[in-house]
Every structure is written in structure tokens, then in C-alpha cells.
Amino acid sequence: MHSIQLHENIFRAKAITMIECERELFTKLHPISMQLGNKSKEHYLYGVPMHWMNDWGTPSPLFVRQAHGAQFICADNLSYVDFCLGDTGSMFGHSPEPVAQAIEQQARRGFTTMLPDMLAPQVGAALAEQFGMPCWQLTTTATDANRFVLRWARAITGRKKLLVFDGCYHGTVDDTMVDVEDDQTVSRASLLGQTFDLGQFTVAVDFNDLAAVERELSTGEFACLLTEPALTNCGMVPALPGFIAGLRVLTQRYGTLLILDETHTISSGRGGWARNHDIKTDFIVVGKPIAGGLPAAAYGFSNEIAVKMQSAKDEAPAGHSGIGTTLSGNMMTLAAINATLTQVATLEAYSHMFKLADTLENGLNEKLQHYSLPWCITRLGARLELQFCKSAPLNAKEARASQDEELEHAIHLFLLNRGVLLTPFHNMMLVCPSTSEEDISRLLEVFGECLNKLTG
Ligand SMILES: Cc1ncc(COP(=O)(O)O)c(C=O)c1O
């Protein structure tokens with residue numbers, strides 16, 4: 001039988017059976033998580049501190065006892081090799097020792113004062129050294145960083161419109177929560193409590209389509225173009241060679257600011273994707289792992305942009321700028337960022353991650369070949385994604401067409417019940433500095449067993 005047909009017919013039934021069996025097995029293996037899940041329902045919506053923690057498709061959330069390096073132990077004392085790593089928050093491993101020490105020491109010296117800690121100049125220098133941008137502002141989340149950069153961009157340019165790509169995700173920033181329907185940009189239907197039309201000031205076009213970008217930018221109405229260097233939230237969509245460089249040329253030509261959100265693409269090399277590909281942007285956003293997993297993010301910009309930001313602020317009437325939150329840049333996060341950037345996110349750490357990611361990529365591809373599956377592994381440095389298409393998608397439409405919720409779910413649950421955690425929904429795998437050859441072998445072994453079951 002042709003592989004695609006196999007994927008459409010036999011896999012579906014097998015995936016559904018697998019999901020049922022694995023949910024039963026989860027219940028047997030995790031009595032304490034099941035109990036905690038019931039208890040949590042007393043005080044939490046959906047029984048979890050954040051409602052999406054319940055979206056993993058397990059009969060109860062998997063409660064964590066402790067996490068260290070590339071491993072964690074669940075409430076039922078089972079251990080897992082973690083390739084989800086907090087969806088990038090723990091990309092440098094759980095509780096990296098230098099960060100744990102910095103936090104311990106800082107914990108006796110104060111958490112937050114609304115004043116800059118003495119470490120501030122050092123942290124600014126570490127951000128500049130690592131990401132190649134001279135000027136910085138700190139925020140608590142990457143969502144906030146993106147939100148604030150959009151404000152600055154509009155204030156600097158005096159323009160209102162924002163260009164993004166179909167399938168983008170930049171955190172819960174309202175302006176970016178759009179979809180394309182019948183060639184029109186509209187508010188994403190799933191948004192709760194959304195009262196105004198997001199398509200009024202935001203336009204989304206296809207990733208990897210420079211002509212569409214030029215068509216929009218040439219109107220002269222766009223304050224900025226916000227994108228990841230590769231889309232990582234609708235499956236993984238890498239940029240075609242020259243695409244991001246093309247965006248730089250077009251944004252400069254039409255007076256639009258280019259913002260690269262490197263929150264996930266920080267996996268592609270020390271300093272992020274843009275630095276490693278010699279692209280000069282107006283702003284970059286970094287978040288998630290920069291404080292070793294503590295809530296922290298930052299946005300960087302050029303000296304020229306800094307001058308424009310200052311004059312926009314100086315010329316604005318006195319009062320709230322709409323930019324900032326009370327706990328951003330607090331003493332605790334400064335200590336954690338400093339330790340992460342100077343002692344954890346090192347070239348040696350990245351080179352270990354890439355070496356093991358090579359082994360993982362080769363091993364996964366061998367398994368796909370062995371079972372004649374028309375799927376691919378899309379790679380961005382230490383980040384790998386299993387996609388149900390023959391080669392990496394060109395844009396979000398292609399990525400969506402390749403998605404298969406049941407298959408993803410079946411594979412994810414099968415691995416989880418055998419002590420290997422992938423990121424749910426899109427089966428993403430991250431390799432951290434503490435991941436070992438044995439961890440990779442374990443993933444490959446269990447993935448092979450899973451494919452054997454699905455195809456057998
Ligand atoms: C590319 C990108 N930017 C920003 C964010 C927002 O990060 P946070 O949820 O930490 O605010 C995410 C979250 O997944 C992301 O994928």
C-alpha cells in the first residue's frame with residue numbers, strides 16, 4: 001500500500017486505539033498525579049494553575065516532583081528524559097547550577113525594589129555581548145517584550161499598521177492574534193473576550209513570500225514587521241535562503257522597522273538566529289530561557305533606534321507610557337540572567353547541544369526511512385520537530401495541512417508513558433546542555449517501538 005494511504009487509513013485506526021490504551025496505562029502508572037488532579041479541581045479552573053496545563057491529553061495533568069538537568073521526576077516517582085524543556089523556558093536544562101547558586105545568593109539580598117540593582121550594568125553588557133545589540137530593556141515575559149516593542153515602533157514611526165505572517169505566534173499580544181480568511185486578516189476566532197477588529201491595523205501574509213511583503217509595505221503605512229526567523233508555532237516553517245535578508249532590504253526601503261522575535265530561535269546558536277546569519281534588525285526580542293527558566297525577557301535595539309525612542313518619550317505628554325510592569329528587571333531576575341548568559345549559555349553548551357541534536361536528527365530520519373514514512377524532521381539548531389510531510393513546509397497553510405492531531409497525540413502519549421517527554425501538540429524536541437547520548441538513545445528506542453506499533 002502507498003505510504004500516504006497508509007497514513008490516511010491504517011494509522012488513523014491504530015492511532016485512536018493507541019491513544020485509548022495509553023490513556024489507560026497513564027491512569028495505572030500515575031495514581032498520585034490522578035489524585036492531585038482531582039484535588040486541584042477544588043480550587044483551579046480545569047484543575048491547573050494555568051488552563052493550558054490541562055491540554056496535554058493525559059487523563060490527569062502530570063504533576064512534577066522535581067526537575068534537574070535534562071530529567072524530571074513526576075509525583076509518582078517515575079523519571080523522564082525531558083525533550084520539552086518547558087517549551088524552551090528550560091532550554092539550558094532544569095535548575096542549571098550557576099543559576100541556582102545566583103538565585104540562592106540573591107534570595108538573601110532582596111527580590112525587588114523598583115530600583116536598578118548594582119548588577120544592572122553587567123547584565124546590560126552580557127545581553128549586548130551575547131546578542132550583538134547595544135541597547136536593552138527588560139520585561140517579565142516575551143509577550144510583554146513584543147507588546148512593548150510594537151508600541152515603541154508605532155511611537156517612533158507615527159504609523160499604525162503591523163505586518164506579521166500567517167501562522168505567527170508572539171505570545172498573547174492582541175495585535176498579532178490574527179488569521180487569514182478569504183485573503184482578509186481577521187481576529188483569531190478562538191480568542192476569548194476580544195472586542196475589536198484586529199484586522200484593522202494588522203495584516204498577515206504568507207511566510208516566505210517576499211512579493212506579498214513588498215505589496216503591503218509599499219503602501220508606506222506599516223510601522224513594523226514582526227516575525228520569528230522561522231515560524232515555530234504552527235509546526236516549524238524554516239525561512240527560504242535569502243528570505244529574512246530580503247525582509248531587511250524591503251523594510252529599509254519602505255521605512256518599516258524590522259523586529260525579530262528570537263524567543264524560540266535562540267535554539268539556533270549562541271546569540272540567536274539573526275546574529276548567526278549576520279542580519280541587522282531594528283529590534284530583537286529574547287525571552288523564555290534567558291534567566292534559566294525564571295520569568296524574564298528582554299528587547300534589544302540599535303543606538304539609532306534608542307535615540308528615536310528617547311525623543312518619542314521626551315516629546316510625549318507626561319504620564320503613563322503604556323510600557324512596563326512593576327516586577328520587570330527585578331533584582332532576582334537580574335542575578336539569574338547574569339548567571340545564565342555568562343556561565344550557562346556558552347559556546348561549549350551550544351556545541352554539545354548541536355552534536356547531540358545531530359545524533360538525534362540522524363537517528364529519527366533512520367527510523368522514518370526504516371518504516372517508509374513520508375514524514376520529515378525539521379531542525380533549528382538544538383530544536384527538532386517531527387512533521388507529517390515529506391519536506392519542511394513553506395508557509396503556515398502547508399504546515400497546517402500536514403498536522404494530524406491524533407497521530408501527534410498517540411506518539412506523544414506512547415513516549416510519555418515510557419519516560420520520554422516531547423512538547424505536546426507539535427512533537428517538538430529540544431536538546432539541552434545536560435542531555436546525554438543515553439537520553440538520545442532512549443528517545444530513539446521508544447520512538448522506534450511506537451512506529452513499529454503504528455505500522456505493524
Ligand atoms: C515566538 C514566541 N514569542 C513569544 C512568546 C511568548 O512567550 P511568553 O509566553 O513567555 O510570554 C512565545 C511563546 O511561546 C513564542 O513562541
# chains A, B, ... in the order shown; residues from 1 in each chain; ligands from 1

call {"tool": "select_by_dssp", "arguments": {"residues": "region 91-311 of chain A", "states": "alpha helix (DSSP H)", "output": "VMD selection string"}}
result
chain A and resid 97 to 107 120 to 131 142 to 157 210 to 217 243 to 253 272 to 276 303 to 311

call {"tool": "closest_atom_pairs", "arguments": {"of": "chain A", "to": "ligand 1", "cutoff": "10 Å", "atoms": "only C-alpha atoms and all ligand atoms", "output": "tab-separated table"}}
result
residue	atom	partner	partner_atom_place_in_ligand_line	distance
A:Gly86	CA	ligand 1	14 (O)	9.9
A:Asp87	CA	ligand 1	14 (O)	7.2
A:Thr88	CA	ligand 1	14 (O)	8.2
A:Gly89	CA	ligand 1	10 (O)	7.7
A:Thr139	CA	ligand 1	11 (O)	9.6
A:Thr140	CA	ligand 1	11 (O)	7.9
A:Thr141	CA	ligand 1	11 (O)	4.2
A:Ala142	CA	ligand 1	11 (O)	3.9
A:Thr143	CA	ligand 1	11 (O)	3.6
A:Asp144	CA	ligand 1	11 (O)	6.4
A:Ala145	CA	ligand 1	11 (O)	7.9
A:Asn146	CA	ligand 1	4 (C)	7.0
A:Arg147	CA	ligand 1	4 (C)	9.7
A:Cys168	CA	ligand 1	1 (C)	7.8
A:Tyr169	CA	ligand 1	1 (C)	5.7
A:His170	CA	ligand 1	3 (N)	3.6
A:Gly171	CA	ligand 1	6 (C)	3.4
A:Thr172	CA	ligand 1	6 (C)	6.8
A:Val173	CA	ligand 1	6 (C)	8.4
A:Thr227	CA	ligand 1	1 (C)	8.1
A:Glu228	CA	ligand 1	1 (C)	6.0
A:Pro229	CA	ligand 1	1 (C)	9.2
A:Ala230	CA	ligand 1	1 (C)	9.1
A:Leu231	CA	ligand 1	1 (C)	7.6
A:Thr232	CA	ligand 1	16 (O)	6.7
A:Asn233	CA	ligand 1	16 (O)	6.0
A:Cys234	CA	ligand 1	16 (O)	9.8
A:Leu260	CA	ligand 1	1 (C)	9.2
A:Asp261	CA	ligand 1	1 (C)	5.8
A:Glu262	CA	ligand 1	1 (C)	6.4
A:Thr263	CA	ligand 1	1 (C)	5.0
A:His264	CA	ligand 1	1 (C)	5.4
A:Thr265	CA	ligand 1	1 (C)	7.7
A:Ile266	CA	ligand 1	1 (C)	9.8
A:Val285	CA	ligand 1	3 (N)	7.8
A:Val286	CA	ligand 1	3 (N)	8.0
A:Gly287	CA	ligand 1	10 (O)	6.3
A:Lys288	CA	ligand 1	10 (O)	5.3
A:Pro289	CA	ligand 1	10 (O)	9.1
A:Gly293	CA	ligand 1	10 (O)	9.8
A:Pro295	CA	ligand 1	10 (O)	7.3
A:Ala296	CA	ligand 1	10 (O)	7.9
A:Ala297	CA	ligand 1	10 (O)	7.7

call {"tool": "residues_around", "arguments": {"residues": "Asp174 (chain A)", "least_positions_apart": "5", "cutoff": "9 Å", "atoms": "only C-alpha atoms", "output": "number ranges by chain"}}
result
A: 147, 187, 194, 198

call {"tool": "residues_around", "arguments": {"residues": "Leu444 (chain A)", "least_positions_apart": "5", "cutoff": "12 Å", "atoms": "only C-alpha atoms", "output": "PyMOL selection string"}}
result
chain A and resi 81+359-368+415+418+420+429+437-439+449-451

call {"tool": "write_last_selection", "arguments": {"atoms": "C-alpha atoms", "output": "tab-separated table (two decimals), in the first residue's frame"}}
result
chain	number	residue	atom	x	y	z
A	81	VAL	CA	14.00	12.39	29.93
A	359	THR	CA	22.74	12.32	16.51
A	360	LEU	CA	19.04	12.71	17.24
A	361	GLU	CA	18.25	14.05	13.76
A	362	ASN	CA	20.12	11.20	12.05
A	363	GLY	CA	18.53	8.61	14.32
A	364	LEU	CA	14.99	9.92	13.76
A	365	ASN	CA	15.50	10.06	10.00
A	366	GLU	CA	16.76	6.47	10.02
A	367	LYS	CA	13.60	5.37	11.83
A	368	LEU	CA	11.38	7.23	9.34
A	415	LEU	CA	6.57	8.19	24.62
A	418	ARG	CA	7.79	5.21	28.59
A	420	VAL	CA	10.28	10.37	27.34
A	429	MET	CA	12.22	18.07	20.78
A	437	GLU	CA	23.90	10.15	24.48
A	438	GLU	CA	21.85	7.73	26.62
A	439	ASP	CA	18.93	10.16	26.65
A	449	GLU	CA	8.74	0.95	19.27
A	450	CYS	CA	5.95	3.44	18.68
A	451	LEU	CA	6.35	3.42	14.88

call {"tool": "atom_distance", "arguments": {"atom1": "CA of Glu20 (chain A)", "atom2": "CA of Ile411 (chain A)"}}
result
12.1 Å

call {"tool": "closest_residue", "arguments": {"among": "A:Gln137, A:Thr176, A:Ser328, A:Ser33", "to": "Leu191 (chain A)", "atoms": "only C-alpha atoms"}}
result
A:Thr176

call {"tool": "closest_residue", "arguments": {"among": "A:Leu384, A:Arg23, A:Gln343, A:Thr157", "to": "Trp56 (chain A)", "atoms": "only C-alpha atoms"}}
result
A:Arg23

call {"tool": "closest_residue", "arguments": {"among": "A:Met177, A:Val123, A:Ala204, A:Cys376", "to": "Ile290 (chain A)", "atoms": "only C-alpha atoms"}}
result
A:Val123

call {"tool": "atom_distance", "arguments": {"atom1": "CA of Glu398 (chain A)", "atom2": "CA of Gly235 (chain A)"}}
result
9.6 Å

call {"tool": "closest_residue", "arguments": {"among": "A:Glu104, A:Phe354, A:Leu250, A:Ile32", "to": "Pro61 (chain A)", "atoms": "only C-alpha atoms"}}
result
A:Ile32

call {"tool": "closest_residue", "arguments": {"among": "A:Ala339, A:Leu29, A:Ile284, A:Val48", "to": "Asn77 (chain A)", "atoms": "only C-alpha atoms"}}
result
A:Leu29

call {"tool": "closest_residue", "arguments": {"among": "A:Val205, A:Ser402, A:Leu422, A:Leu334", "to": "Glu181 (chain A)", "atoms": "only C-alpha atoms"}}
result
A:Val205

call {"tool": "select_by_dssp", "arguments": {"residues": "region 270-444 of chain A", "states": "strand (DSSP E)", "output": "mmCIF file with N, CA and C atoms, in the first residue's frame"}}
result
data_model
loop_
_atom_site.group_PDB
_atom_site.id
_atom_site.type_symbol
_atom_site.label_atom_id
_atom_site.label_comp_id
_atom_site.auth_asym_id
_atom_site.auth_seq_id
_atom_site.Cartn_x
_atom_site.Cartn_y
_atom_site.Cartn_z
ATOM 1 N N PHE A 283 14.971 45.806 16.078
ATOM 2 C CA PHE A 283 14.738 45.291 17.435
ATOM 3 C C PHE A 283 14.896 43.765 17.409
ATOM 4 N N ILE A 284 15.377 43.180 18.498
ATOM 5 C CA ILE A 284 15.180 41.735 18.681
ATOM 6 C C ILE A 284 14.521 41.510 20.040
ATOM 7 N N VAL A 285 13.775 40.429 20.104
ATOM 8 C CA VAL A 285 13.116 40.050 21.361
ATOM 9 C C VAL A 285 13.678 38.698 21.783
ATOM 10 N N VAL A 286 14.115 38.620 23.030
ATOM 11 C CA VAL A 286 14.548 37.327 23.571
ATOM 12 C C VAL A 286 13.795 37.072 24.871
ATOM 13 N N ALA A 297 12.439 38.412 30.192
ATOM 14 C CA ALA A 297 12.623 38.574 28.748
ATOM 15 C C ALA A 297 13.255 39.948 28.538
ATOM 16 N N ALA A 298 13.648 40.210 27.309
ATOM 17 C CA ALA A 298 14.314 41.483 27.037
ATOM 18 C C ALA A 298 14.140 41.841 25.577
ATOM 19 N N TYR A 299 14.209 43.134 25.290
ATOM 20 C CA TYR A 299 14.290 43.518 23.878
ATOM 21 C C TYR A 299 15.488 44.421 23.663
ATOM 22 N N GLY A 300 16.154 44.170 22.551
ATOM 23 C CA GLY A 300 17.378 44.900 22.230
ATOM 24 C C GLY A 300 17.157 45.734 20.982
ATOM 25 N N PHE A 301 17.919 46.833 20.869
ATOM 26 C CA PHE A 301 17.756 47.718 19.715
ATOM 27 C C PHE A 301 19.066 48.460 19.453
ATOM 28 N N CYS A 376 9.041 14.198 7.886
ATOM 29 C CA CYS A 376 10.380 14.795 7.949
ATOM 30 C C CYS A 376 10.689 15.327 9.346
ATOM 31 N N ILE A 377 11.965 15.550 9.563
ATOM 32 C CA ILE A 377 12.425 16.196 10.794
ATOM 33 C C ILE A 377 12.929 17.573 10.382
ATOM 34 N N THR A 378 12.323 18.610 10.952
ATOM 35 C CA THR A 378 12.764 19.967 10.646
ATOM 36 C C THR A 378 13.611 20.445 11.822
ATOM 37 N N ARG A 379 14.731 21.039 11.523
ATOM 38 C CA ARG A 379 15.742 21.306 12.560
ATOM 39 C C ARG A 379 16.095 22.786 12.631
ATOM 40 N N LEU A 380 16.243 23.277 13.819
ATOM 41 C CA LEU A 380 16.732 24.644 14.029
ATOM 42 C C LEU A 380 17.714 24.571 15.192
ATOM 43 N N ARG A 383 16.801 22.454 18.238
ATOM 44 C CA ARG A 383 15.352 22.236 18.207
ATOM 45 C C ARG A 383 14.993 21.375 16.999
ATOM 46 N N LEU A 384 14.241 20.305 17.235
ATOM 47 C CA LEU A 384 13.847 19.423 16.130
ATOM 48 C C LEU A 384 12.350 19.196 16.200
ATOM 49 N N GLU A 385 11.757 19.074 15.033
ATOM 50 C CA GLU A 385 10.313 18.861 15.027
ATOM 51 C C GLU A 385 9.957 17.748 14.038
ATOM 52 N N LEU A 386 9.099 16.842 14.501
ATOM 53 C CA LEU A 386 8.587 15.785 13.633
ATOM 54 C C LEU A 386 7.390 16.345 12.881
ATOM 55 N N GLN A 387 7.446 16.315 11.551
ATOM 56 C CA GLN A 387 6.320 16.840 10.779
ATOM 57 C C GLN A 387 5.814 15.778 9.801
ATOM 58 N N VAL A 420 9.670 9.391 28.248
ATOM 59 C CA VAL A 420 10.282 10.370 27.335
ATOM 60 C C VAL A 420 9.254 11.461 27.054
ATOM 61 N N LEU A 421 9.591 12.688 27.391
ATOM 62 C CA LEU A 421 8.619 13.770 27.222
ATOM 63 C C LEU A 421 8.973 14.654 26.029
ATOM 64 N N MET A 428 7.685 18.573 19.354
ATOM 65 C CA MET A 428 8.962 19.265 19.240
ATOM 66 C C MET A 428 9.932 18.692 20.274
ATOM 67 N N MET A 429 11.197 18.604 19.886
ATOM 68 C CA MET A 429 12.220 18.067 20.782
ATOM 69 C C MET A 429 13.363 19.065 20.919
ATOM 70 N N LEU A 430 13.720 19.378 22.145
ATOM 71 C CA LEU A 430 14.852 20.277 22.389
ATOM 72 C C LEU A 430 15.949 19.513 23.101
#

call {"tool": "atom_distance", "arguments": {"atom1": "CA of Leu407 (chain A)", "atom2": "CA of Leu36 (chain A)"}}
result
27.9 Å

call {"tool": "decode", "arguments": {"residues": "region 152-187 of chain A", "atoms": "N, CA, C and O atoms", "output": "CSV table (one decimal), in the first residue's frame"}}
result
chain,number,residue,atom,x,y,z
A,152,TRP,N,6.6,51.0,20.9
A,152,TRP,CA,7.8,51.8,20.5
A,152,TRP,C,7.8,52.1,19.0
A,152,TRP,O,8.0,53.2,18.5
A,153,ALA,N,7.6,51.0,18.3
A,153,ALA,CA,7.7,51.1,16.8
A,153,ALA,C,6.6,52.1,16.3
A,153,ALA,O,6.9,52.9,15.4
A,154,ARG,N,5.5,52.0,16.8
A,154,ARG,CA,4.4,52.9,16.4
A,154,ARG,C,4.7,54.4,16.8
A,154,ARG,O,4.5,55.3,16.0
A,155,ALA,N,5.2,54.5,18.0
A,155,ALA,CA,5.6,55.8,18.5
A,155,ALA,C,6.7,56.5,17.7
A,155,ALA,O,6.6,57.6,17.3
A,156,ILE,N,7.7,55.7,17.3
A,156,ILE,CA,8.8,56.2,16.5
A,156,ILE,C,8.4,56.6,15.1
A,156,ILE,O,8.8,57.6,14.6
A,157,THR,N,7.6,55.7,14.5
A,157,THR,CA,7.3,55.9,13.0
A,157,THR,C,6.1,56.8,12.8
A,157,THR,O,5.9,57.3,11.7
A,158,GLY,N,5.2,56.9,13.8
A,158,GLY,CA,4.0,57.6,13.7
A,158,GLY,C,3.0,56.8,12.7
A,158,GLY,O,2.0,57.4,12.3
A,159,ARG,N,3.3,55.6,12.5
A,159,ARG,CA,2.4,54.7,11.6
A,159,ARG,C,1.7,53.8,12.5
A,159,ARG,O,2.2,53.4,13.6
A,160,LYS,N,0.6,53.3,12.1
A,160,LYS,CA,-0.3,52.4,12.9
A,160,LYS,C,-0.2,50.9,12.6
A,160,LYS,O,-0.4,50.1,13.5
A,161,LYS,N,0.1,50.6,11.3
A,161,LYS,CA,-0.1,49.2,10.9
A,161,LYS,C,1.1,48.3,11.3
A,161,LYS,O,2.3,48.7,11.3
A,162,LEU,N,0.8,47.0,11.4
A,162,LEU,CA,1.7,46.0,11.7
A,162,LEU,C,1.6,44.9,10.7
A,162,LEU,O,0.5,44.4,10.4
A,163,LEU,N,2.8,44.4,10.2
A,163,LEU,CA,2.8,43.3,9.3
A,163,LEU,C,3.3,42.0,10.0
A,163,LEU,O,4.4,42.1,10.7
A,164,VAL,N,2.6,40.9,9.9
A,164,VAL,CA,3.0,39.7,10.5
A,164,VAL,C,2.8,38.6,9.5
A,164,VAL,O,2.3,38.8,8.4
A,165,PHE,N,3.2,37.3,9.8
A,165,PHE,CA,2.9,36.2,8.9
A,165,PHE,C,1.8,35.3,9.4
A,165,PHE,O,1.7,35.1,10.6
A,166,ASP,N,1.1,34.8,8.5
A,166,ASP,CA,0.0,33.9,8.8
A,166,ASP,C,0.6,32.7,9.6
A,166,ASP,O,1.7,32.2,9.2
A,167,GLY,N,0.0,32.3,10.7
A,167,GLY,CA,0.5,31.2,11.5
A,167,GLY,C,1.5,31.7,12.6
A,167,GLY,O,2.0,30.9,13.3
A,168,CYS,N,1.6,33.0,12.7
A,168,CYS,CA,2.6,33.5,13.7
A,168,CYS,C,2.1,33.3,15.1
A,168,CYS,O,0.8,33.3,15.4
A,169,TYR,N,3.0,33.3,16.1
A,169,TYR,CA,2.6,33.4,17.5
A,169,TYR,C,3.7,34.1,18.2
A,169,TYR,O,4.9,33.8,18.1
A,170,HIS,N,3.4,35.2,18.8
A,170,HIS,CA,4.4,36.0,19.6
A,170,HIS,C,4.0,36.2,21.0
A,170,HIS,O,4.2,37.3,21.6
A,171,GLY,N,3.3,35.2,21.6
A,171,GLY,CA,2.8,35.3,22.9
A,171,GLY,C,1.4,35.9,22.7
A,171,GLY,O,0.8,36.0,21.6
A,172,THR,N,0.7,36.2,23.9
A,172,THR,CA,-0.7,36.7,23.8
A,172,THR,C,-0.7,38.2,23.6
A,172,THR,O,-1.3,38.9,24.4
A,173,VAL,N,-0.1,38.6,22.5
A,173,VAL,CA,-0.1,40.0,22.1
A,173,VAL,C,-1.3,40.2,21.2
A,173,VAL,O,-1.4,39.6,20.1
A,174,ASP,N,-2.3,40.9,21.6
A,174,ASP,CA,-3.6,41.0,20.8
A,174,ASP,C,-3.3,41.3,19.4
A,174,ASP,O,-3.9,40.7,18.5
A,175,ASP,N,-2.5,42.3,19.1
A,175,ASP,CA,-2.3,42.8,17.7
A,175,ASP,C,-1.8,41.6,16.8
A,175,ASP,O,-2.0,41.7,15.6
A,176,THR,N,-1.2,40.6,17.3
A,176,THR,CA,-0.7,39.5,16.5
A,176,THR,C,-1.6,38.3,16.4
A,176,THR,O,-1.3,37.3,15.7
A,177,MET,N,-2.7,38.4,17.1
A,177,MET,CA,-3.6,37.2,17.2
A,177,MET,C,-4.6,37.2,16.0
A,177,MET,O,-5.8,37.4,16.2
A,178,VAL,N,-4.1,37.1,14.8
A,178,VAL,CA,-4.9,37.2,13.6
A,178,VAL,C,-4.8,35.9,12.8
A,178,VAL,O,-3.9,35.2,12.9
A,179,ASP,N,-5.8,35.7,11.9
A,179,ASP,CA,-5.8,34.6,10.9
A,179,ASP,C,-6.1,35.3,9.6
A,179,ASP,O,-6.6,36.4,9.5
A,180,VAL,N,-5.9,34.5,8.5
A,180,VAL,CA,-6.2,35.0,7.2
A,180,VAL,C,-7.4,34.2,6.7
A,180,VAL,O,-7.4,32.9,6.7
A,181,GLU,N,-8.5,34.9,6.3
A,181,GLU,CA,-9.7,34.2,5.8
A,181,GLU,C,-10.1,34.9,4.5
A,181,GLU,O,-10.3,36.1,4.6
A,182,ASP,N,-10.2,34.2,3.4
A,182,ASP,CA,-10.5,34.7,2.1
A,182,ASP,C,-9.7,36.0,1.8
A,182,ASP,O,-10.2,37.1,1.5
A,183,ASP,N,-8.4,35.8,2.1
A,183,ASP,CA,-7.4,36.9,1.8
A,183,ASP,C,-7.6,38.1,2.7
A,183,ASP,O,-7.0,39.2,2.5
A,184,GLN,N,-8.4,38.0,3.7
A,184,GLN,CA,-8.6,39.1,4.7
A,184,GLN,C,-7.9,38.8,6.0
A,184,GLN,O,-8.1,37.6,6.4
A,185,THR,N,-7.3,39.7,6.7
A,185,THR,CA,-6.8,39.5,8.0
A,185,THR,C,-7.9,39.7,9.0
A,185,THR,O,-8.5,40.8,9.0
A,186,VAL,N,-8.2,38.7,9.9
A,186,VAL,CA,-9.3,38.8,10.8
A,186,VAL,C,-8.8,38.4,12.2
A,186,VAL,O,-7.8,37.7,12.3
A,187,SER,N,-9.5,38.8,13.2
A,187,SER,CA,-9.2,38.3,14.6
A,187,SER,C,-9.3,36.8,14.6
A,187,SER,O,-10.2,36.2,14.0
